[in-house]
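J.: Structure supplied as run38.txt; contents: compact mmCIF, C-alpha atoms.
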```txt
# COMPACT_ATOMS: atom_id res chain seq x y z
CA MET A 1 35.99 -54.60 -6.21
CA SER A 2 36.45 -51.55 -4.06
CA VAL A 3 39.78 -50.76 -2.51
CA ASP A 4 38.60 -52.06 0.87
CA GLY A 5 37.21 -55.27 -0.62
CA ASP A 6 40.16 -56.25 -2.80
CA PRO A 7 42.78 -58.22 -0.89
CA LEU A 8 45.40 -57.55 -3.57
CA VAL A 9 45.02 -53.80 -3.07
CA ALA A 10 45.60 -54.26 0.65
CA ARG A 11 48.59 -56.51 -0.01
CA PHE A 12 50.08 -54.04 -2.44
CA ARG A 13 49.61 -51.19 0.01
CA ALA A 14 51.31 -53.12 2.81
CA THR A 15 54.25 -54.19 0.64
CA TRP A 16 54.65 -50.71 -0.81
CA ALA A 17 54.71 -49.18 2.66
CA GLU A 18 57.83 -51.18 3.51
CA LEU A 19 59.76 -49.31 0.81
CA ALA A 20 58.07 -45.93 0.98
CA GLY A 21 60.28 -44.40 3.64
CA ILE A 22 63.65 -45.50 2.27
CA GLY A 23 65.57 -42.55 0.81
CA ARG A 24 62.59 -40.18 1.03
CA ASP A 25 63.40 -36.53 1.64
CA PRO A 26 60.95 -35.28 4.29
CA ALA A 27 61.10 -31.69 3.09
CA THR A 28 60.11 -32.33 -0.55
CA GLY A 29 58.64 -35.83 -0.54
CA GLY A 30 61.09 -36.73 -3.30
CA TYR A 31 63.51 -39.63 -3.24
CA LEU A 32 67.30 -39.74 -3.08
CA ARG A 33 68.14 -43.32 -3.96
CA TYR A 34 71.39 -43.08 -5.89
CA ALA A 35 73.09 -46.25 -7.11
CA TRP A 36 75.27 -47.92 -4.48
CA SER A 37 74.20 -45.34 -1.87
CA PRO A 38 72.96 -46.38 1.60
CA ALA A 39 69.35 -45.82 0.52
CA GLU A 40 69.64 -47.94 -2.60
CA LEU A 41 71.53 -50.63 -0.70
CA ALA A 42 68.69 -50.71 1.83
CA CYS A 43 66.25 -51.29 -1.02
CA ARG A 44 68.47 -54.09 -2.30
CA ARG A 45 68.47 -55.75 1.13
CA TRP A 46 64.69 -55.49 1.16
CA PHE A 47 64.59 -57.21 -2.22
CA VAL A 48 66.79 -60.08 -1.05
CA ALA A 49 64.58 -60.60 2.01
CA GLN A 50 61.37 -60.49 -0.03
CA ALA A 51 62.66 -62.81 -2.74
CA THR A 52 64.25 -65.38 -0.46
CA GLY A 53 61.11 -65.33 1.69
CA ARG A 54 59.24 -66.49 -1.40
CA GLY A 55 61.74 -69.27 -2.04
CA LEU A 56 63.45 -67.50 -4.93
CA ALA A 57 67.15 -68.23 -5.40
CA VAL A 58 68.80 -64.81 -5.23
CA ARG A 59 72.21 -63.73 -6.41
CA ALA A 60 73.93 -60.58 -7.58
CA ASP A 61 75.81 -60.65 -10.86
CA GLY A 62 79.20 -59.01 -11.23
CA ASN A 63 77.60 -55.70 -12.24
CA GLY A 64 75.40 -55.45 -9.17
CA ASN A 65 72.13 -56.49 -10.81
CA LEU A 66 70.02 -58.74 -8.58
CA TRP A 67 68.25 -61.87 -9.83
CA GLY A 68 65.64 -63.90 -7.96
CA ASP A 69 64.86 -67.18 -9.75
CA TRP A 70 61.65 -69.13 -9.22
CA VAL A 71 62.32 -72.65 -10.48
CA PRO A 72 59.46 -75.05 -9.63
CA PRO A 73 60.27 -78.76 -9.19
CA GLY A 74 60.79 -80.48 -12.50
CA VAL A 75 61.66 -77.29 -14.37
CA ASP A 76 65.06 -77.10 -16.04
CA PRO A 77 66.91 -74.33 -14.14
CA THR A 78 69.04 -73.61 -17.21
CA ALA A 79 66.04 -73.06 -19.52
CA PRO A 80 65.54 -69.49 -20.79
CA ALA A 81 63.54 -67.70 -18.10
CA VAL A 82 60.73 -65.21 -18.27
CA VAL A 83 62.26 -62.22 -16.49
CA THR A 84 60.47 -59.24 -15.02
CA GLY A 85 61.57 -56.35 -12.81
CA SER A 86 62.95 -52.84 -12.89
CA HIS A 87 65.23 -50.68 -10.69
CA PHE A 88 65.42 -48.99 -7.28
CA ASP A 89 67.59 -45.94 -7.99
CA SER A 90 66.01 -42.53 -8.50
CA VAL A 91 66.72 -39.18 -10.05
CA PRO A 92 67.46 -36.42 -7.49
CA TYR A 93 64.26 -35.80 -5.53
CA GLY A 94 62.36 -38.05 -7.90
CA GLY A 95 59.07 -39.88 -7.49
CA GLY A 96 58.75 -43.15 -5.63
CA TYR A 97 57.07 -45.18 -8.39
CA ASP A 98 59.65 -44.91 -11.18
CA GLY A 99 61.42 -48.24 -10.91
CA PRO A 100 60.31 -49.74 -7.58
CA LEU A 101 56.73 -50.24 -8.81
CA GLY A 102 58.03 -52.77 -11.33
CA ILE A 103 59.89 -54.74 -8.66
CA VAL A 104 57.07 -54.77 -6.11
CA SER A 105 54.60 -55.74 -8.84
CA ALA A 106 56.87 -58.56 -10.00
CA LEU A 107 57.07 -60.08 -6.52
CA LEU A 108 53.30 -59.86 -6.05
CA ALA A 109 52.71 -61.30 -9.52
CA VAL A 110 54.70 -64.38 -8.51
CA ASP A 111 52.42 -64.66 -5.47
CA ILE A 112 49.34 -64.54 -7.70
CA LEU A 113 50.65 -67.24 -10.02
CA ARG A 114 51.30 -69.54 -7.10
CA GLU A 115 47.89 -68.85 -5.57
CA GLN A 116 46.26 -69.62 -8.91
CA GLY A 117 48.14 -72.89 -9.13
CA VAL A 118 50.08 -71.82 -12.20
CA VAL A 119 53.17 -73.98 -12.66
CA PRO A 120 55.45 -72.36 -15.22
CA ALA A 121 57.14 -74.55 -17.79
CA ARG A 122 60.34 -72.53 -17.43
CA PRO A 123 61.90 -70.37 -14.70
CA VAL A 124 60.39 -67.03 -13.77
CA THR A 125 62.92 -64.47 -12.57
CA VAL A 126 62.49 -61.15 -10.76
CA ALA A 127 65.33 -58.71 -11.47
CA ALA A 128 66.51 -55.43 -9.96
CA PHE A 129 68.89 -53.51 -12.21
CA VAL A 130 71.46 -51.06 -10.90
CA GLU A 131 71.93 -47.37 -11.92
CA GLU A 132 69.08 -47.23 -14.43
CA GLU A 133 68.64 -43.47 -14.07
CA GLY A 134 72.33 -42.62 -14.41
CA SER A 135 71.84 -39.96 -11.74
CA ARG A 136 74.99 -40.82 -9.82
CA PHE A 137 77.50 -41.87 -12.47
CA GLY A 138 76.02 -40.18 -15.52
CA LEU A 139 75.29 -43.19 -17.74
CA ALA A 140 71.70 -44.39 -17.80
CA CYS A 141 70.85 -48.11 -17.72
CA LEU A 142 74.39 -48.88 -16.60
CA GLY A 143 73.56 -52.29 -15.13
CA SER A 144 71.84 -53.55 -18.26
CA ARG A 145 74.44 -51.95 -20.54
CA LEU A 146 77.22 -53.76 -18.69
CA LEU A 147 75.27 -57.02 -18.75
CA THR A 148 74.88 -56.84 -22.53
CA GLY A 149 78.36 -55.50 -23.26
CA ALA A 150 77.07 -52.13 -24.49
CA VAL A 151 79.65 -50.34 -22.33
CA SER A 152 83.14 -51.53 -21.46
CA PRO A 153 84.10 -52.34 -17.87
CA GLU A 154 87.01 -49.89 -18.09
CA ARG A 155 84.77 -46.99 -19.05
CA ALA A 156 82.13 -47.88 -16.47
CA LEU A 157 84.50 -48.28 -13.54
CA ALA A 158 86.11 -44.91 -14.27
CA LEU A 159 82.79 -43.05 -14.15
CA ALA A 160 82.68 -40.69 -11.18
CA ASP A 161 79.90 -38.98 -9.26
CA ALA A 162 79.71 -35.30 -8.33
CA ASP A 163 82.02 -35.90 -5.35
CA GLY A 164 84.66 -37.61 -7.47
CA VAL A 165 83.84 -41.11 -6.21
CA THR A 166 84.27 -43.62 -9.02
CA LEU A 167 81.97 -46.56 -9.65
CA ALA A 168 84.82 -48.87 -8.67
CA GLU A 169 85.21 -47.11 -5.33
CA ALA A 170 81.46 -47.10 -4.67
CA MET A 171 81.25 -50.82 -5.35
CA ARG A 172 84.14 -51.59 -3.02
CA THR A 173 82.55 -49.54 -0.27
CA ALA A 174 79.35 -51.56 -0.71
CA GLY A 175 81.27 -54.85 -0.56
CA ALA A 176 81.11 -55.62 -4.28
CA ASP A 177 84.10 -56.59 -6.41
CA PRO A 178 84.79 -54.21 -9.34
CA ALA A 179 86.91 -56.89 -10.99
CA ALA A 180 83.71 -58.83 -11.73
CA VAL A 181 82.15 -55.99 -13.78
CA GLY A 182 81.51 -56.75 -17.43
CA PRO A 183 79.38 -58.67 -19.93
CA ASP A 184 77.52 -61.68 -18.57
CA PRO A 185 76.66 -63.84 -21.59
CA ALA A 186 75.65 -66.80 -19.41
CA ARG A 187 72.97 -64.78 -17.63
CA LEU A 188 71.91 -63.08 -20.87
CA THR A 189 71.32 -66.40 -22.63
CA ARG A 190 69.10 -67.44 -19.73
CA ILE A 191 66.67 -64.61 -20.47
CA GLY A 192 63.97 -65.99 -22.76
CA ALA A 193 61.83 -62.85 -22.52
CA PHE A 194 61.84 -59.68 -20.43
CA VAL A 195 58.70 -57.80 -19.35
CA GLU A 196 59.15 -54.53 -17.47
CA LEU A 197 56.20 -52.99 -15.65
CA HIS A 198 56.53 -49.24 -15.13
CA VAL A 199 54.44 -46.32 -14.01
CA GLU A 200 53.42 -44.33 -17.07
CA GLN A 201 55.48 -41.17 -17.52
CA GLY A 202 52.74 -39.08 -19.07
CA ARG A 203 48.94 -38.88 -19.24
CA ALA A 204 47.99 -41.07 -22.19
CA LEU A 205 46.27 -43.71 -20.03
CA VAL A 206 44.37 -41.02 -18.13
CA ASP A 207 42.98 -39.67 -21.38
CA LEU A 208 42.17 -43.21 -22.55
CA ALA A 209 40.50 -44.11 -19.22
CA ALA A 210 42.60 -47.28 -18.99
CA PRO A 211 44.43 -48.49 -15.86
CA VAL A 212 47.15 -50.31 -17.84
CA GLY A 213 48.66 -50.26 -21.31
CA VAL A 214 51.49 -51.87 -23.23
CA ALA A 215 54.39 -50.20 -25.02
CA SER A 216 54.87 -50.12 -28.76
CA MET A 217 58.26 -48.39 -28.84
CA ILE A 218 60.78 -46.17 -27.06
CA TRP A 219 61.86 -42.93 -28.71
CA PRO A 220 65.57 -42.59 -29.52
CA HIS A 221 67.26 -40.36 -26.97
CA GLY A 222 70.61 -39.37 -25.53
CA ARG A 223 72.63 -37.04 -23.33
CA TRP A 224 75.22 -34.54 -24.46
CA ARG A 225 77.63 -32.53 -22.30
CA LEU A 226 78.09 -28.92 -23.38
CA GLU A 227 81.37 -27.28 -22.30
CA PHE A 228 81.31 -23.47 -22.45
CA THR A 229 84.66 -21.73 -21.79
CA GLY A 230 85.31 -18.02 -21.37
CA VAL A 231 87.37 -15.73 -19.17
CA GLY A 232 86.72 -15.45 -15.46
CA ASP A 233 86.72 -11.87 -14.18
CA HIS A 234 85.32 -9.43 -11.64
CA ALA A 235 81.56 -8.84 -11.82
CA GLY A 236 81.91 -5.24 -10.75
CA THR A 237 84.97 -3.92 -12.50
CA THR A 238 84.81 -5.60 -15.90
CA ARG A 239 83.09 -3.51 -18.54
CA MET A 240 80.20 -5.21 -20.31
CA ALA A 241 81.93 -4.76 -23.66
CA ASP A 242 85.07 -6.53 -22.39
CA ARG A 243 83.40 -9.62 -21.05
CA ARG A 244 83.79 -13.14 -22.44
CA ASN A 245 81.06 -14.72 -20.37
CA PRO A 246 80.29 -18.40 -21.02
CA MET A 247 77.09 -18.13 -18.99
CA LEU A 248 75.61 -15.95 -21.72
CA THR A 249 76.45 -18.59 -24.32
CA CYS A 250 74.95 -21.27 -22.12
CA ALA A 251 71.76 -19.28 -21.52
CA HIS A 252 71.33 -18.70 -25.25
CA THR A 253 71.85 -22.40 -25.92
CA VAL A 254 69.19 -23.39 -23.39
CA LEU A 255 66.69 -21.16 -25.17
CA ALA A 256 67.85 -22.41 -28.56
CA ALA A 257 67.38 -26.03 -27.48
CA ASP A 258 63.80 -25.31 -26.48
CA ALA A 259 63.10 -23.48 -29.74
CA GLN A 260 64.65 -26.17 -31.92
CA ALA A 261 62.76 -28.95 -30.13
CA ARG A 262 59.47 -27.15 -30.70
CA ARG A 263 60.35 -26.53 -34.34
CA LEU A 264 61.27 -30.16 -35.03
CA GLY A 265 58.68 -31.85 -32.83
CA GLY A 266 61.22 -33.38 -30.43
CA HIS A 267 62.05 -32.87 -26.77
CA ALA A 268 65.10 -30.99 -25.48
CA THR A 269 65.93 -30.23 -21.86
CA VAL A 270 68.86 -28.68 -20.02
CA GLY A 271 68.26 -29.68 -16.43
CA ARG A 272 71.75 -29.71 -14.99
CA VAL A 273 74.39 -26.97 -14.99
CA GLU A 274 77.78 -26.62 -13.28
CA VAL A 275 79.49 -23.24 -13.01
CA ARG A 276 83.10 -22.36 -12.14
CA PRO A 277 83.96 -20.60 -9.92
CA ASN A 278 80.26 -20.38 -8.99
CA ALA A 279 80.61 -17.06 -7.16
CA THR A 280 77.96 -14.34 -7.10
CA ASN A 281 80.44 -11.54 -7.77
CA ALA A 282 82.52 -13.31 -10.45
CA ILE A 283 82.06 -13.76 -14.17
CA PRO A 284 82.26 -17.53 -14.77
CA ALA A 285 85.31 -19.01 -16.43
CA ARG A 286 83.54 -22.21 -17.40
CA VAL A 287 80.02 -23.56 -17.56
CA ARG A 288 79.02 -27.16 -18.10
CA ALA A 289 75.49 -28.05 -19.08
CA TRP A 290 73.86 -31.34 -19.99
CA LEU A 291 71.39 -31.62 -22.86
CA ASP A 292 68.78 -34.37 -22.82
CA ALA A 293 67.30 -34.74 -26.31
CA ARG A 294 64.63 -37.10 -27.63
CA ALA A 295 62.55 -37.51 -30.77
CA ALA A 296 60.20 -39.94 -32.45
CA ASP A 297 62.89 -41.07 -34.92
CA GLY A 298 66.66 -41.04 -35.21
CA SER A 299 66.90 -38.54 -38.07
CA THR A 300 64.86 -35.96 -36.17
CA LEU A 301 66.97 -36.49 -33.06
CA ALA A 302 70.20 -36.00 -35.02
CA ALA A 303 68.81 -32.87 -36.66
CA LEU A 304 67.79 -31.52 -33.26
CA VAL A 305 71.20 -32.02 -31.65
CA ASP A 306 73.00 -30.64 -34.71
CA ALA A 307 70.81 -27.54 -34.68
CA VAL A 308 71.43 -26.92 -30.99
CA ALA A 309 75.19 -27.34 -31.47
CA ALA A 310 75.17 -24.94 -34.43
CA ASP A 311 73.24 -22.32 -32.48
CA ALA A 312 75.67 -22.69 -29.57
CA ALA A 313 78.69 -22.27 -31.84
CA THR A 314 77.24 -19.16 -33.49
CA ARG A 315 76.53 -17.56 -30.14
CA ALA A 316 79.95 -18.54 -28.76
CA ALA A 317 81.62 -16.70 -31.63
CA ALA A 318 79.63 -13.57 -30.80
CA ASP A 319 80.39 -13.85 -27.08
CA GLY A 320 84.11 -14.52 -27.49
CA THR A 321 83.73 -17.92 -25.83
CA THR A 322 84.16 -21.51 -26.98
CA VAL A 323 81.81 -24.47 -26.88
CA THR A 324 82.35 -28.19 -27.31
CA VAL A 325 79.64 -30.84 -27.47
CA VAL A 326 80.45 -34.31 -26.12
CA GLY A 327 78.05 -37.23 -26.41
CA GLU A 328 77.73 -39.19 -23.18
CA SER A 329 75.00 -41.68 -24.07
CA ASP A 330 73.02 -42.55 -27.16
CA SER A 331 70.02 -44.89 -27.22
CA PRO A 332 68.49 -45.69 -30.61
CA ALA A 333 64.78 -46.17 -31.20
CA VAL A 334 63.41 -49.43 -29.83
CA ALA A 335 60.39 -51.05 -31.45
CA PHE A 336 59.11 -53.79 -29.18
CA ALA A 337 58.35 -57.05 -30.96
CA SER A 338 54.74 -56.89 -32.09
CA THR A 339 54.29 -60.64 -31.65
CA LEU A 340 55.32 -60.55 -27.98
CA THR A 341 53.38 -57.35 -27.31
CA GLY A 342 50.31 -58.87 -28.95
CA ARG A 343 50.49 -62.02 -26.83
CA ILE A 344 50.80 -59.97 -23.65
CA ARG A 345 48.00 -57.64 -24.61
CA THR A 346 45.68 -60.55 -25.40
CA ALA A 347 46.50 -62.25 -22.11
CA ILE A 348 45.86 -59.08 -20.10
CA GLU A 349 42.57 -58.37 -21.83
CA ALA A 350 41.42 -61.95 -21.21
CA ALA A 351 42.17 -61.57 -17.50
CA GLY A 352 40.65 -58.13 -16.90
CA PRO A 353 37.99 -55.67 -17.99
CA GLY A 354 38.37 -53.33 -20.90
CA PRO A 355 40.76 -52.94 -23.82
CA VAL A 356 44.50 -52.45 -23.27
CA PRO A 357 45.92 -49.50 -25.23
CA VAL A 358 49.24 -49.72 -27.07
CA LEU A 359 51.33 -46.55 -26.78
CA PRO A 360 54.87 -45.29 -27.36
CA THR A 361 57.07 -43.72 -24.69
CA ALA A 362 59.81 -41.12 -24.83
CA ALA A 363 61.40 -42.39 -21.60
CA GLY A 364 64.38 -44.75 -21.55
CA HIS A 365 64.32 -48.08 -19.72
CA ASP A 366 66.41 -51.19 -19.16
CA ALA A 367 63.88 -52.92 -21.41
CA GLY A 368 65.17 -50.77 -24.26
CA VAL A 369 68.74 -51.94 -23.71
CA LEU A 370 67.75 -55.60 -23.43
CA ALA A 371 65.53 -55.39 -26.53
CA GLY A 372 68.57 -55.67 -28.77
CA HIS A 373 69.33 -59.10 -27.32
CA VAL A 374 66.12 -60.76 -26.08
CA PRO A 375 62.37 -60.45 -26.76
CA THR A 376 61.20 -57.55 -24.62
CA ALA A 377 57.93 -55.85 -23.71
CA MET A 378 56.63 -53.22 -21.29
CA ILE A 379 53.43 -52.73 -19.30
CA PHE A 380 52.45 -49.25 -18.11
CA VAL A 381 50.33 -48.37 -15.08
CA ARG A 382 48.21 -45.21 -15.20
CA ASN A 383 49.67 -42.09 -13.60
CA PRO A 384 46.82 -39.71 -12.69
CA THR A 385 49.10 -36.68 -12.38
CA GLY A 386 51.09 -37.39 -15.55
CA VAL A 387 54.14 -36.19 -13.61
CA SER A 388 57.32 -38.24 -13.37
CA HIS A 389 60.85 -37.70 -12.04
CA ALA A 390 59.23 -35.46 -9.39
CA PRO A 391 57.44 -36.00 -6.07
CA ALA A 392 53.98 -35.68 -7.68
CA GLU A 393 54.54 -38.93 -9.59
CA HIS A 394 51.76 -41.27 -8.51
CA ALA A 395 49.59 -44.29 -9.17
CA THR A 396 46.53 -45.31 -7.18
CA ASP A 397 46.55 -48.54 -5.21
CA ASP A 398 43.67 -49.78 -7.37
CA ASP A 399 45.63 -49.19 -10.57
CA CYS A 400 48.76 -50.74 -9.08
CA ALA A 401 46.75 -53.87 -8.25
CA ALA A 402 45.48 -53.88 -11.84
CA GLY A 403 49.08 -53.67 -12.95
CA VAL A 404 50.04 -56.65 -10.80
CA ARG A 405 47.20 -58.71 -12.30
CA ALA A 406 48.19 -57.65 -15.81
CA LEU A 407 51.80 -58.65 -15.17
CA ALA A 408 50.74 -61.99 -13.70
CA ALA A 409 48.64 -62.69 -16.80
CA ALA A 410 51.59 -61.81 -19.04
CA LEU A 411 53.98 -64.03 -17.09
CA ALA A 412 51.56 -66.94 -17.10
CA GLU A 413 51.20 -66.65 -20.87
CA LEU A 414 54.93 -66.42 -21.55
CA ALA A 415 56.07 -69.05 -19.04
CA ALA A 416 53.58 -71.62 -20.31
CA ARG A 417 55.62 -72.15 -23.50
```
Just dump the structure as structure tokens.
T.:
Amino acid sequence: MSVDGDPLVARFRATWAELAGIGRDPATGGYLRYAWSPAELACRRWFVAQATGRGLAVRADGNGNLWGDWVPPGVDPTAPAVVTGSHFDSVPYGGGYDGPLGIVSALLAVDILREQGVVPARPVTVAAFVEEEGSRFGLACLGSRLLTGAVSPERALALADADGVTLAEAMRTAGADPAAVGPDPARLTRIGAFVELHVEQGRALVDLAAPVGVASMIWPHGRWRLEFTGVGDHAGTTRMADRRNPMLTCAHTVLAADAQARRLGGHATVGRVEVRPNATNAIPARVRAWLDARAADGSTLAALVDAVAADAATRAAADGTTVTVVGESDSPAVAFASTLTGRIRTAIEAAGPGPVPVLPTAAGHDAGVLAGHVPTAMIFVRNPTGVSHAPAEHATDDDCAAGVRALAAALAELAAR
């Protein structure tokens, strides 16, 4: 059907519009929805209203993740549920689709199942995870990592944002109890399968002329903090030969990371830098930079990070500076279960036109964290720009409606048994 003739497209557009203005920067069109910030809390309130309006039983776990359970009459509420959802938080000035599309689609998929008269044999749950991007407290997928016990409560609560506000303080300000943070084995055992719908972060579906696809794997990836230390001095009076400038070492390392990634076939990015004292007329005393590195396999990723660290050390020796490399997060490769992916793909193809491609992704997701504990799969929605983590990130209303239908088909298949 055309956009105007498809009621699901109109419903998606109306639902999406309710979220579109929350946390949006009018100057750039990007989003500032940091975990536990007023914007993200507004999104969470929207979720509670939407879920409870559909009769879902909503509660927040001790880590701040939200769960909306649909338990039809006669269904055992303790049975392992089919869970779907994503996150609301964004990277700084990020796109609007990364995360929220999965939550909006999940709510609308529940609507479709009800309208089709589908009665699941086990609960269906819509989830909203907290701090998936790690943009505020530095650790990606924090909500799902805490849920599964991948990070300790002590480490998580001590994490601080750029203003020095700790996670514990941010939770208290939002009315949450930091003492409840930690593994939640009861909730984890109630997840029978997890399906995360996400806007594609790339152009594979554009090239394949497909509105939706399913994931085969997630590349291993991680974040490393690079600490460059030198001697602060006057920019005008210090001779070039006498300088011990950590900014030079940092700049060389940025270029080395790019070169090593191209050589090894991985991805390496330095997108965040902090400088002290950060004055125009002063040679820095210290520079911090964060390396994001990814590769198709763990050995290539390790070789990439080692090569960057070696190049940084060699340059530091020449510059009279020092460098230390500290790992902040490390996510191994995730291969989604082929049996689950196959079932979902078959169900989607039976419900809609055209084949459904299977493709890998180099982006991290809560699905990757949960995959070590429960059967997990992902559905991607075509992104015509191929851009993500930036305002140009996009998906058409038609493709979003196709994504909702694909998710509904997957949920119907998984909740039937």
J.: Taking (60.9, -74.6, -16.5) as a centre in this file's frame and 12 Å as the limit, can you find every polymer residue with an atom that close, using all atoms listed in the file, and give them as a PyMOL selection string?
T.: chain A and resi 69-82+118-125+190+192+414-417
J.: Which residue is closest to Asn278 of chain A? Choose from A:Ala318, A:Asp233, A:Gly386, A:Ala35 and count all atoms listed in the file.
T.: A:Asp233
J.: Determine the nearest neighbour of Thr15 of chain A from the options A:Val91, A:Leu108, A:Met217, A:Ala57, counting all atoms listed in the file.
T.: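 The closest residue to Thr15 of chain A is A:Leu108.
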J.: Can you work out which one of A:Arg59, A:Glu18, A:Ile344, A:Asp89 has the shortest atom-to-atom distance to His389 of chain A, counting all atoms listed in the file?
T.: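 Among the listed residues, A:Asp89 lies closest to His389 of chain A.
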J.: Within 12 Å of segment 258-262 of chain A, which residues of segment 290-398 of chain A show up? Give each one with its shortest atom-to-atom distance in Å (one decimal) and the two atoms involved, counting all atoms listed in the file, rows by chain then rising residue number, as JSON lines.
T.:
```
{"residue": "A:Leu291", "atom": "CA", "partner": "A:Asp258", "partner_atom": "CA", "distance": 10.5}
{"residue": "A:Asp292", "atom": "CA", "partner": "A:Ala261", "partner_atom": "CA", "distance": 10.9}
{"residue": "A:Ala293", "atom": "CA", "partner": "A:Ala261", "partner_atom": "CA", "distance": 8.3}
{"residue": "A:Arg294", "atom": "CA", "partner": "A:Ala261", "partner_atom": "CA", "distance": 8.7}
{"residue": "A:Ala295", "atom": "CA", "partner": "A:Ala261", "partner_atom": "CA", "distance": 8.6}
{"residue": "A:Ala296", "atom": "CA", "partner": "A:Ala261", "partner_atom": "CA", "distance": 11.5}
{"residue": "A:Thr300", "atom": "CA", "partner": "A:Ala261", "partner_atom": "CA", "distance": 9.5}
{"residue": "A:Leu301", "atom": "CA", "partner": "A:Ala261", "partner_atom": "CA", "distance": 9.1}
{"residue": "A:Ala302", "atom": "CA", "partner": "A:Ala261", "partner_atom": "CA", "distance": 11.4}
{"residue": "A:Ala303", "atom": "CA", "partner": "A:Gln260", "partner_atom": "CA", "distance": 9.2}
{"residue": "A:Leu304", "atom": "CA", "partner": "A:Gln260", "partner_atom": "CA", "distance": 6.3}
{"residue": "A:Val305", "atom": "CA", "partner": "A:Gln260", "partner_atom": "CA", "distance": 8.8}
{"residue": "A:Asp306", "atom": "CA", "partner": "A:Gln260", "partner_atom": "CA", "distance": 9.9}
{"residue": "A:Ala307", "atom": "CA", "partner": "A:Gln260", "partner_atom": "CA", "distance": 6.9}
{"residue": "A:Val308", "atom": "CA", "partner": "A:Gln260", "partner_atom": "CA", "distance": 6.9}
{"residue": "A:Ala309", "atom": "CA", "partner": "A:Gln260", "partner_atom": "CA", "distance": 10.6}
{"residue": "A:Ala310", "atom": "CA", "partner": "A:Gln260", "partner_atom": "CA", "distance": 10.9}
{"residue": "A:Asp311", "atom": "CA", "partner": "A:Gln260", "partner_atom": "CA", "distance": 9.4}
{"residue": "A:Ala312", "atom": "CA", "partner": "A:Gln260", "partner_atom": "CA", "distance": 11.8}
```
J.: Work out where the centre of an axis-aligned box around every listed atom of segment 280-297 of chain A lies and how long its edges are once 4 Å is added on each side; give both in Å to one decimal as lines of an AutoDock Vina configuration file.
T.:
```
center_x = 72.8
center_y = -26.3
center_z = -21.0
size_x = 33.1
size_y = 37.5
size_z = 35.8
```
J.: Given all atoms listed in the file as the basis, pick out the residue of A:Val334, A:Ala51, A:Leu197, A:Leu146 nearest to Pro220 of chain A.
T.: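 So, comparing all the options, the nearest one is A:Val334.
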J.: Enter the distance from atom CA of Ala60 of chain A to atom CA of Arg44 of chain A, in Å, rounded to one decimal.
T.: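 Taking atom CA of Ala60 of chain A as the start and atom CA of Arg44 of chain A as the end point, the length is 10.0 Å.
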J.: When distances are computed from only C-alpha atoms, which of A:Asn383, A:Thr376, A:Thr238, A:Thr253 shows the smallest separation from Ile191 of chain A?
T.: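 Result for the nearest residue to Ile191 of chain A: A:Thr376.
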J.: Tell me which protein, DNA and RNA residues are within 9 Å of Asp184 of chain A, counting all atoms listed in the file, leaving out same-chain ones fewer than 2 positions away, and put them as a VMD selection string.
T.: chain A and resid 61 to 63 146 to 149 181 to 182 186 to 189
J.: Tell me, in Å to one decimal, how far atom CA of Ala10 of chain A is from atom CA of Val404 of chain A.
T.: 12.5 Å
